[in-house]
2 protein chains.
Amino acid sequence: MSMDRLIEAIAEKQNPTVAGLDPKLSYIPENIRQEAFEKYGKNLDGAAAAILAYNKGLIDALYDIVPAIKPQCAYYEMYGWQGMKTLQETIAYAKEKGMFVITDGKRNDIGTTMEAYAAAHLGITDVDGEEIEAFGGDALTVNGYLGSDGVLPVVNVCKKQDKGMFVLVKTSNKSSGEIQNQELTGGETLYYTMGMMCEQWGEELPGKYGYSGVGAVVGATYPAQLKELRECLPKTFFLVPGYGAQGGGAKDVLPAFDKNGLGAVVNSSRGILCAWQKEGCDPAQYAQAARREAIRMRDEIVGLVGKISL
Amino acid sequence: MSMDRLIEAIAEKQNPTVAGLDPKLSYIPENIRQEAFEKYGKNLDGAAAAILAYNKGLIDALYDIVPAIKPQCAYYEMYGWQGMKTLQETIAYAKEKGMFVITDGKRNDIGTTMEAYAAAHLGITDVDGEEIEAFGGDALTVNGYLGSDGVLPVVNVCKKQDKGMFVLVKTSNKSSGEIQNQELTGGETLYYTMGMMCEQWGEELPGKYGYSGVGAVVGATYPAQLKELRECLPKTFFLVPGYGAQGGGAKDVLPAFDKNGLGAVVNSSRGILCAWQKEGCDPAQYAQAARREAIRMRDEIVGLVGKISL
């Protein structure tokens, strides 16, 4: 099961973090951009080529110490279909290097339409009998506002294709409470209700380390809720955004982990992508700076979480 | 303002409907598929070419009588970046023909990431100073589970670029109540709360016909809720899925309209796309069959709604 593969990679590398690949052009060293623009023009093709080169450099520098990447679809879509081609090529490159890929698309729809999203990002597209992988991620983030009709089609694809998913439960942003913290007549909050649905959906995808294939997104910026949800959702693995640039620290993410150091994977995007800018180092060393930050983050989190054991 | 343009197109054509372009390969006549596969291979390129040819035929047959199309992103993404190229080309073709394009992506994220989605689908992508339109829709469907941080970045792009959006409020699927009908401690439902937030977000995008640039998705399959929301959300224009194949009829969508016949645009996807299969006509006549169904649907709805006046 896919979440088992993520957990094994985390334990093997003793690193419960994921590198968020949210490649804004302004994060990319000038020479990489110029080379791509000279070859393809200052257009979507050029931008997509620059991002691919940048991503490959990052993956080369990270794959032996970081178990997973999380490309954020929005930063590829904004460069059109050319950007989506770079998304596909980035995913393929990371998988070649043995990394687990969480496609952050927050996709949502119902029935056969949600099946189409699941086919796109986790499954197989049938072209008149030919079976082709479109984007090929290992897990997909999903928004559960539409209820089971929007989630079960992904669960089915996960079951067939050995993939996983993360449902938005309590997101890291300031206004996440406007909807997610609404208190229901039974006394519980909406995010809690969504979390309990993850536990239930996960019964279809049991894992050998106690965590199902239906994970949850829970932000590092709300440590109290992270603690509450870790206790209430023993079978749900957490993807934790909000560490670093968004304000969450290592102490804030600690409640996401169980006594074996399992239970969560913590994302950092800007912290890793912009490490070279923050360090003020030679732009040619951007990937090495990313590696230094990835190691610092790993050591900081593992220093508190302790040894990760299966 | 973008919603004004949609309303004007609806009034001009006296047709409050939108054709959902959700092109499964199995909906496409054999000869179109074979021609594309012979030219590009039985692969994602071939599939994407077949879909584009099919879509262009539909747009040619519909553009003078139907004001808008609604391409569903999932059915393009499942054919990889090649499918996304077809999405971009379909949108460009429909706009050339004067149609309004609602990109059905149900996108959601926060802050700069949501800005990236808005740039991708409604705005302008900045490539080192060059301003390029990536997908170029006129309106985008959005999932509001993340609260204002996920919606306001789109509102800002809509303001600058003369575009619009539709936030999921009460969706047409069977299980939509699992989350959306949850009753909050104040006594109201979650979908009502989301609807009231649309009214509030819409204050930033006022329109000259009384409807703002922030619309709502409300399913035809829940006519009582449609009526309730029409009364409570006087400034929110509705995108109504669920007519036809999903079970909603013309009587069910009637409550979505105001006394001037404005207030909603009703979507039909399969009904129009598969009209040739339902009719059992010559596959070469697929576009004419789509036109016949679009006229039938228009006449059925306008027959109840009456004259649409600005």
# chains A, B, ... in the order shown; residues from 1 in each chain; ligands from 1

$ residues_around --residues "Ser176 of chain B" --least-positions-apart "4" --cutoff "6 Å" --atoms "only C-alpha atoms" --output "ChimeraX atom specification"
/A:146-147 /B:171,180

$ write_last_selection --atoms "C-alpha atoms" --output "PDB file, in the first residue's frame"
ATOM      1  CA  LEU A 146     -18.393  17.171  -1.654  1.00  0.00           C
ATOM      2  CA  GLY A 147     -18.495  14.177   0.728  1.00  0.00           C
TER       3      GLY A 147
ATOM      4  CA  THR B 171     -23.396  20.396  -4.920  1.00  0.00           C
ATOM      5  CA  GLN B 180     -22.639  20.674   3.336  1.00  0.00           C
TER       6      GLN B 180
END

$ closest_atom_pairs --of "chain A" --to "chain B" --cutoff "8 Å" --atoms "only C-alpha atoms" --output "CSV"
residue,atom,partner,partner_atom,distance
A:Leu25,CA,B:Val127,CA,7.5
A:Lys42,CA,B:Val127,CA,6.6
A:Asn43,CA,B:Val127,CA,6.2
A:Leu44,CA,B:Val127,CA,7.2
A:Ala47,CA,B:Val127,CA,6.6
A:Ala74,CA,B:Tyr117,CA,5.0
A:Tyr75,CA,B:Ala116,CA,6.0
A:Glu77,CA,B:Ala120,CA,5.7
A:Met78,CA,B:Ala120,CA,3.8
A:Tyr79,CA,B:Ala134,CA,6.0
A:Gly80,CA,B:Ala134,CA,4.5
A:Trp81,CA,B:Lys85,CA,5.2
A:Gln82,CA,B:Trp81,CA,7.2
A:Met84,CA,B:Trp81,CA,5.2
A:Lys85,CA,B:Trp81,CA,5.2
A:Gln88,CA,B:Trp81,CA,7.7
A:Lys106,CA,B:Asn108,CA,6.5
A:Arg107,CA,B:Arg107,CA,6.9
A:Asn108,CA,B:Lys106,CA,6.5
A:Asp109,CA,B:Lys106,CA,7.4
A:Ile110,CA,B:Asn173,CA,6.9
A:Thr113,CA,B:Ala74,CA,6.1
A:Met114,CA,B:Ala74,CA,7.3
A:Ala116,CA,B:Ala74,CA,5.4
A:Tyr117,CA,B:Ala74,CA,5.0
A:Ala119,CA,B:Met78,CA,5.9
A:Ala120,CA,B:Met78,CA,3.8
A:His121,CA,B:Met78,CA,7.5
A:Thr125,CA,B:Met78,CA,6.3
A:Val127,CA,B:Asn43,CA,6.2
A:Asp128,CA,B:Lys42,CA,7.3
A:Glu130,CA,B:Lys42,CA,7.0
A:Ile132,CA,B:Asn43,CA,7.3
A:Ala134,CA,B:Gly80,CA,4.5
A:Phe135,CA,B:Gly80,CA,6.2
A:Asn143,CA,B:Tyr145,CA,7.7
A:Tyr145,CA,B:Ile179,CA,6.1
A:Leu146,CA,B:Ser176,CA,5.0
A:Gly147,CA,B:Ser176,CA,5.4
A:Ser148,CA,B:Ser175,CA,6.0
A:Asp149,CA,B:Ser175,CA,5.9
A:Thr171,CA,B:Leu146,CA,6.8
A:Asn173,CA,B:Ile110,CA,6.9
A:Lys174,CA,B:Asp149,CA,7.3
A:Ser175,CA,B:Gly147,CA,5.5
A:Ser176,CA,B:Leu146,CA,5.0
A:Gly177,CA,B:Gly147,CA,7.3
A:Glu178,CA,B:Gly147,CA,5.5
A:Ile179,CA,B:Gly147,CA,6.0
A:Gln180,CA,B:Tyr145,CA,7.0
A:Gln182,CA,B:Leu184,CA,6.7
A:Glu183,CA,B:Leu184,CA,5.6
A:Leu184,CA,B:Leu184,CA,4.2
A:Thr185,CA,B:Thr185,CA,4.8
A:Gly187,CA,B:Thr185,CA,7.7
A:Leu190,CA,B:Ile179,CA,7.9
A:Met194,CA,B:Ile179,CA,7.8

$ select_by_dssp --residues "segment 30-248 of chain B" --states "strand (DSSP E)" --output "PyMOL selection string"
chain B and resi 68-71+100-107+125-127+130-132+139-142+164-170+214-218+238-240

$ residues_around --residues "Gly210 of chain B" --least-positions-apart "3" --cutoff "9 Å" --atoms "only C-alpha atoms" --output "list of chain:residue names"
B:Pro206, B:Gly207, B:Pro234, B:Lys235, B:Thr236

$ write_last_selection --atoms "all heavy atoms" --output "mmCIF file, in the first residue's frame"
data_model
loop_
_atom_site.group_PDB
_atom_site.id
_atom_site.type_symbol
_atom_site.label_atom_id
_atom_site.label_comp_id
_atom_site.auth_asym_id
_atom_site.auth_seq_id
_atom_site.Cartn_x
_atom_site.Cartn_y
_atom_site.Cartn_z
ATOM 1 N N PRO B 206 -19.132 44.113 -7.635
ATOM 2 C CA PRO B 206 -20.545 44.382 -7.933
ATOM 3 C C PRO B 206 -20.815 44.376 -9.445
ATOM 4 O O PRO B 206 -19.928 44.712 -10.233
ATOM 5 C CB PRO B 206 -20.753 45.783 -7.348
ATOM 6 C CG PRO B 206 -19.400 46.409 -7.343
ATOM 7 C CD PRO B 206 -18.412 45.307 -7.145
ATOM 8 N N GLY B 207 -22.018 43.997 -9.802
ATOM 9 C CA GLY B 207 -22.373 43.927 -11.212
ATOM 10 C C GLY B 207 -23.547 44.828 -11.536
ATOM 11 O O GLY B 207 -24.337 45.161 -10.648
ATOM 12 N N PRO B 234 -29.491 37.245 -2.821
ATOM 13 C CA PRO B 234 -30.027 37.984 -3.967
ATOM 14 C C PRO B 234 -28.969 38.474 -4.951
ATOM 15 O O PRO B 234 -29.301 38.758 -6.100
ATOM 16 C CB PRO B 234 -30.738 39.168 -3.298
ATOM 17 C CG PRO B 234 -30.088 39.315 -1.971
ATOM 18 C CD PRO B 234 -29.732 37.931 -1.543
ATOM 19 N N LYS B 235 -27.703 38.567 -4.521
ATOM 20 C CA LYS B 235 -26.671 39.103 -5.405
ATOM 21 C C LYS B 235 -25.775 38.015 -5.984
ATOM 22 O O LYS B 235 -24.791 38.319 -6.655
ATOM 23 C CB LYS B 235 -25.806 40.113 -4.637
ATOM 24 C CG LYS B 235 -26.550 41.369 -4.254
ATOM 25 C CD LYS B 235 -25.655 42.329 -3.496
ATOM 26 C CE LYS B 235 -26.465 43.535 -3.024
ATOM 27 N NZ LYS B 235 -25.785 44.271 -1.967
ATOM 28 N N THR B 236 -26.105 36.765 -5.694
ATOM 29 C CA THR B 236 -25.220 35.674 -6.102
ATOM 30 C C THR B 236 -25.816 34.904 -7.276
ATOM 31 O O THR B 236 -26.901 34.325 -7.153
ATOM 32 C CB THR B 236 -24.968 34.733 -4.896
ATOM 33 O OG1 THR B 236 -24.447 35.518 -3.815
ATOM 34 C CG2 THR B 236 -23.972 33.647 -5.255
#

$ select_by_dssp --residues "segment 42-122 of chain B" --states "helix (DSSP H, G or I)" --output "ChimeraX atom specification"
/B:44-62,74-77,80-96,111-121

$ write_last_selection --atoms "N, CA and C atoms" --output "compact mmCIF listing (two decimals), in the first residue's frame"
# COMPACT_ATOMS: atom_id res chain seq x y z
N LEU B 44 -1.76 9.50 -25.63
CA LEU B 44 -2.35 10.73 -25.10
C LEU B 44 -2.43 11.82 -26.17
N ASP B 45 -1.44 11.85 -27.09
CA ASP B 45 -1.50 12.83 -28.19
C ASP B 45 -2.72 12.56 -29.07
N GLY B 46 -2.93 11.30 -29.40
CA GLY B 46 -4.07 10.94 -30.23
C GLY B 46 -5.39 11.24 -29.55
N ALA B 47 -5.47 10.89 -28.26
CA ALA B 47 -6.70 11.15 -27.51
C ALA B 47 -6.98 12.65 -27.46
N ALA B 48 -5.93 13.44 -27.18
CA ALA B 48 -6.10 14.89 -27.06
C ALA B 48 -6.54 15.49 -28.40
N ALA B 49 -6.01 14.98 -29.49
CA ALA B 49 -6.39 15.47 -30.82
C ALA B 49 -7.85 15.13 -31.13
N ALA B 50 -8.26 13.91 -30.76
CA ALA B 50 -9.65 13.50 -30.99
C ALA B 50 -10.61 14.39 -30.21
N ILE B 51 -10.27 14.68 -28.97
CA ILE B 51 -11.13 15.50 -28.12
C ILE B 51 -11.23 16.92 -28.69
N LEU B 52 -10.12 17.45 -29.16
CA LEU B 52 -10.15 18.81 -29.71
C LEU B 52 -11.05 18.88 -30.95
N ALA B 53 -10.91 17.89 -31.83
CA ALA B 53 -11.74 17.87 -33.04
C ALA B 53 -13.23 17.77 -32.68
N TYR B 54 -13.52 16.89 -31.73
CA TYR B 54 -14.90 16.69 -31.25
C TYR B 54 -15.45 17.99 -30.64
N ASN B 55 -14.65 18.62 -29.77
CA ASN B 55 -15.07 19.87 -29.13
C ASN B 55 -15.34 20.97 -30.16
N LYS B 56 -14.44 21.09 -31.13
CA LYS B 56 -14.63 22.14 -32.14
C LYS B 56 -15.92 21.93 -32.91
N GLY B 57 -16.22 20.68 -33.23
CA GLY B 57 -17.48 20.38 -33.90
C GLY B 57 -18.68 20.80 -33.06
N LEU B 58 -18.60 20.53 -31.76
CA LEU B 58 -19.69 20.90 -30.85
C LEU B 58 -19.83 22.43 -30.76
N ILE B 59 -18.69 23.10 -30.62
CA ILE B 59 -18.74 24.57 -30.49
C ILE B 59 -19.32 25.19 -31.77
N ASP B 60 -18.88 24.68 -32.93
CA ASP B 60 -19.43 25.17 -34.20
C ASP B 60 -20.95 25.04 -34.25
N ALA B 61 -21.45 23.94 -33.69
CA ALA B 61 -22.89 23.68 -33.76
C ALA B 61 -23.69 24.42 -32.69
N LEU B 62 -23.00 24.94 -31.67
CA LEU B 62 -23.71 25.52 -30.52
C LEU B 62 -23.55 27.02 -30.35
N ALA B 74 -11.03 17.88 -15.22
CA ALA B 74 -10.64 16.49 -14.96
C ALA B 74 -10.53 15.67 -16.24
N TYR B 75 -11.44 15.94 -17.18
CA TYR B 75 -11.47 15.14 -18.41
C TYR B 75 -10.38 15.56 -19.39
N TYR B 76 -9.69 16.63 -19.09
CA TYR B 76 -8.52 17.05 -19.88
C TYR B 76 -7.25 16.58 -19.18
N GLU B 77 -7.20 16.77 -17.86
CA GLU B 77 -6.04 16.32 -17.08
C GLU B 77 -5.80 14.83 -17.22
N GLY B 80 -3.26 13.90 -19.57
CA GLY B 80 -1.93 14.47 -19.36
C GLY B 80 -1.80 15.89 -19.87
N TRP B 81 -0.55 16.33 -20.05
CA TRP B 81 -0.35 17.71 -20.51
C TRP B 81 -0.92 17.88 -21.92
N GLN B 82 -0.98 16.78 -22.66
CA GLN B 82 -1.58 16.84 -23.99
C GLN B 82 -3.06 17.21 -23.87
N GLY B 83 -3.72 16.63 -22.86
CA GLY B 83 -5.11 16.97 -22.61
C GLY B 83 -5.27 18.43 -22.18
N MET B 84 -4.30 18.91 -21.40
CA MET B 84 -4.37 20.31 -20.95
C MET B 84 -4.15 21.26 -22.12
N LYS B 85 -3.37 20.82 -23.11
CA LYS B 85 -3.19 21.62 -24.32
C LYS B 85 -4.53 21.70 -25.06
N THR B 86 -5.24 20.58 -25.10
CA THR B 86 -6.57 20.58 -25.73
C THR B 86 -7.54 21.47 -24.95
N LEU B 87 -7.42 21.50 -23.63
CA LEU B 87 -8.26 22.41 -22.83
C LEU B 87 -7.99 23.86 -23.25
N GLN B 88 -6.73 24.21 -23.35
CA GLN B 88 -6.37 25.59 -23.72
C GLN B 88 -6.90 25.91 -25.13
N GLU B 89 -6.74 24.97 -26.05
CA GLU B 89 -7.17 25.21 -27.43
C GLU B 89 -8.70 25.25 -27.55
N THR B 90 -9.36 24.44 -26.72
CA THR B 90 -10.83 24.46 -26.71
C THR B 90 -11.35 25.81 -26.21
N ILE B 91 -10.74 26.29 -25.13
CA ILE B 91 -11.14 27.59 -24.57
C ILE B 91 -10.91 28.70 -25.60
N ALA B 92 -9.74 28.69 -26.24
CA ALA B 92 -9.43 29.72 -27.24
C ALA B 92 -10.44 29.67 -28.39
N TYR B 93 -10.80 28.47 -28.83
CA TYR B 93 -11.72 28.33 -29.95
C TYR B 93 -13.12 28.84 -29.58
N ALA B 94 -13.56 28.49 -28.38
CA ALA B 94 -14.89 28.94 -27.93
C ALA B 94 -14.93 30.47 -27.80
N LYS B 95 -13.84 31.05 -27.31
CA LYS B 95 -13.81 32.51 -27.16
C LYS B 95 -13.79 33.21 -28.53
N GLU B 96 -13.06 32.62 -29.48
CA GLU B 96 -13.08 33.14 -30.85
C GLU B 96 -14.50 33.20 -31.39
N GLY B 111 -3.46 31.92 -0.41
CA GLY B 111 -2.46 32.94 -0.66
C GLY B 111 -1.86 32.91 -2.05
N THR B 112 -0.53 32.92 -2.10
CA THR B 112 0.15 33.01 -3.40
C THR B 112 -0.13 31.78 -4.27
N THR B 113 -0.42 30.65 -3.64
CA THR B 113 -0.72 29.44 -4.43
C THR B 113 -2.07 29.60 -5.13
N MET B 114 -3.05 30.16 -4.41
CA MET B 114 -4.34 30.40 -5.04
C MET B 114 -4.21 31.48 -6.11
N GLU B 115 -3.33 32.46 -5.87
CA GLU B 115 -3.04 33.45 -6.92
C GLU B 115 -2.52 32.77 -8.19
N ALA B 116 -1.71 31.73 -7.99
CA ALA B 116 -1.16 31.01 -9.16
C ALA B 116 -2.28 30.31 -9.94
N TYR B 117 -3.23 29.70 -9.22
CA TYR B 117 -4.39 29.09 -9.91
C TYR B 117 -5.21 30.15 -10.65
N ALA B 118 -5.39 31.30 -9.98
CA ALA B 118 -6.18 32.37 -10.61
C ALA B 118 -5.46 32.88 -11.85
N ALA B 119 -4.14 33.01 -11.76
CA ALA B 119 -3.36 33.43 -12.92
C ALA B 119 -3.51 32.40 -14.04
N ALA B 120 -3.40 31.13 -13.68
CA ALA B 120 -3.48 30.06 -14.67
C ALA B 120 -4.78 30.11 -15.46
N HIS B 121 -5.89 30.25 -14.74
CA HIS B 121 -7.20 30.03 -15.38
C HIS B 121 -7.95 31.31 -15.74

$ residues_around --residues "Val101 of chain A" --least-positions-apart "5" --cutoff "8 Å" --atoms "only C-alpha atoms" --output "CSV table (one decimal) with N, CA, C and O atoms, in the first residue's frame"
chain,number,residue,atom,x,y,z
A,68,ALA,N,10.5,12.3,0.0
A,68,ALA,CA,9.4,12.6,-0.9
A,68,ALA,C,9.5,14.0,-1.4
A,68,ALA,O,10.1,14.9,-0.7
A,69,ILE,N,8.8,14.3,-2.5
A,69,ILE,CA,8.6,15.6,-3.0
A,69,ILE,C,7.1,15.9,-3.0
A,69,ILE,O,6.3,14.9,-3.2
A,70,LYS,N,6.7,17.1,-2.9
A,70,LYS,CA,5.3,17.5,-3.1
A,70,LYS,C,5.2,18.7,-4.1
A,70,LYS,O,5.3,19.8,-3.7
A,71,PRO,N,5.1,18.4,-5.4
A,71,PRO,CA,4.9,19.4,-6.3
A,71,PRO,C,3.5,20.0,-6.2
A,71,PRO,O,2.5,19.3,-6.0
A,91,ILE,N,7.8,14.7,-11.9
A,91,ILE,CA,7.3,13.5,-11.2
A,91,ILE,C,8.1,12.3,-11.7
A,91,ILE,O,8.6,11.5,-10.9
A,94,ALA,N,11.7,12.4,-10.3
A,94,ALA,CA,11.8,12.1,-8.9
A,94,ALA,C,11.6,10.6,-8.6
A,94,ALA,O,12.2,10.0,-7.7
A,95,LYS,N,10.6,10.0,-9.4
A,95,LYS,CA,10.4,8.6,-9.2
A,95,LYS,C,11.6,7.7,-9.6
A,95,LYS,O,11.9,6.7,-9.0
A,137,GLY,N,1.7,10.4,-10.0
A,137,GLY,CA,2.1,10.6,-8.6
A,137,GLY,C,1.8,9.4,-7.8
A,137,GLY,O,1.2,8.4,-8.2
A,138,ASP,N,2.3,9.4,-6.5
A,138,ASP,CA,2.1,8.2,-5.6
A,138,ASP,C,0.9,8.6,-4.7
A,138,ASP,O,0.3,7.6,-4.1
A,139,ALA,N,0.6,9.8,-4.4
A,139,ALA,CA,-0.5,10.2,-3.6
A,139,ALA,C,-1.0,11.6,-4.1
A,139,ALA,O,-0.2,12.3,-4.7

$ residues_around --residues "Leu273 of chain A" --least-positions-apart "2" --cutoff "7 Å" --atoms "only C-alpha atoms" --output "mmCIF file with all heavy atoms, in the first residue's frame"
data_model
loop_
_atom_site.group_PDB
_atom_site.id
_atom_site.type_symbol
_atom_site.label_atom_id
_atom_site.label_comp_id
_atom_site.auth_asym_id
_atom_site.auth_seq_id
_atom_site.Cartn_x
_atom_site.Cartn_y
_atom_site.Cartn_z
ATOM 1 N N TYR A 27 12.322 32.272 -7.791
ATOM 2 C CA TYR A 27 13.181 31.447 -6.931
ATOM 3 C C TYR A 27 14.349 30.859 -7.730
ATOM 4 O O TYR A 27 15.272 30.287 -7.154
ATOM 5 C CB TYR A 27 12.406 30.255 -6.348
ATOM 6 C CG TYR A 27 11.217 30.580 -5.474
ATOM 7 C CD1 TYR A 27 10.319 29.570 -5.123
ATOM 8 C CD2 TYR A 27 10.990 31.859 -4.968
ATOM 9 C CE1 TYR A 27 9.222 29.830 -4.305
ATOM 10 C CE2 TYR A 27 9.897 32.121 -4.163
ATOM 11 C CZ TYR A 27 9.012 31.108 -3.836
ATOM 12 O OH TYR A 27 7.938 31.356 -3.029
ATOM 13 N N SER A 269 8.418 24.151 1.709
ATOM 14 C CA SER A 269 8.560 24.543 0.308
ATOM 15 C C SER A 269 9.558 25.687 0.206
ATOM 16 O O SER A 269 10.728 25.470 -0.095
ATOM 17 C CB SER A 269 7.213 24.968 -0.274
ATOM 18 O OG SER A 269 6.277 23.908 -0.198
ATOM 19 N N ARG A 270 9.106 26.898 0.545
ATOM 20 C CA ARG A 270 9.972 28.063 0.377
ATOM 21 C C ARG A 270 11.292 27.941 1.138
ATOM 22 O O ARG A 270 12.333 28.358 0.646
ATOM 23 C CB ARG A 270 9.240 29.337 0.821
ATOM 24 C CG ARG A 270 8.437 29.964 -0.305
ATOM 25 C CD ARG A 270 7.557 31.085 0.233
ATOM 26 N NE ARG A 270 6.432 30.560 1.001
ATOM 27 C CZ ARG A 270 5.590 31.304 1.724
ATOM 28 N NH1 ARG A 270 5.760 32.609 1.804
ATOM 29 N NH2 ARG A 270 4.581 30.751 2.366
ATOM 30 N N GLY A 271 11.243 27.349 2.337
ATOM 31 C CA GLY A 271 12.456 27.209 3.139
ATOM 32 C C GLY A 271 13.549 26.514 2.353
ATOM 33 O O GLY A 271 14.720 26.918 2.390
ATOM 34 N N ALA A 275 16.484 28.608 -0.097
ATOM 35 C CA ALA A 275 17.612 28.564 0.848
ATOM 36 C C ALA A 275 18.805 29.342 0.311
ATOM 37 O O ALA A 275 19.487 30.050 1.052
ATOM 38 C CB ALA A 275 17.991 27.113 1.139
ATOM 39 N N ALA A 290 19.804 24.122 -0.757
ATOM 40 C CA ALA A 290 18.551 23.404 -0.472
ATOM 41 C C ALA A 290 18.849 22.164 0.372
ATOM 42 O O ALA A 290 18.137 21.859 1.337
ATOM 43 C CB ALA A 290 17.863 23.010 -1.778
#
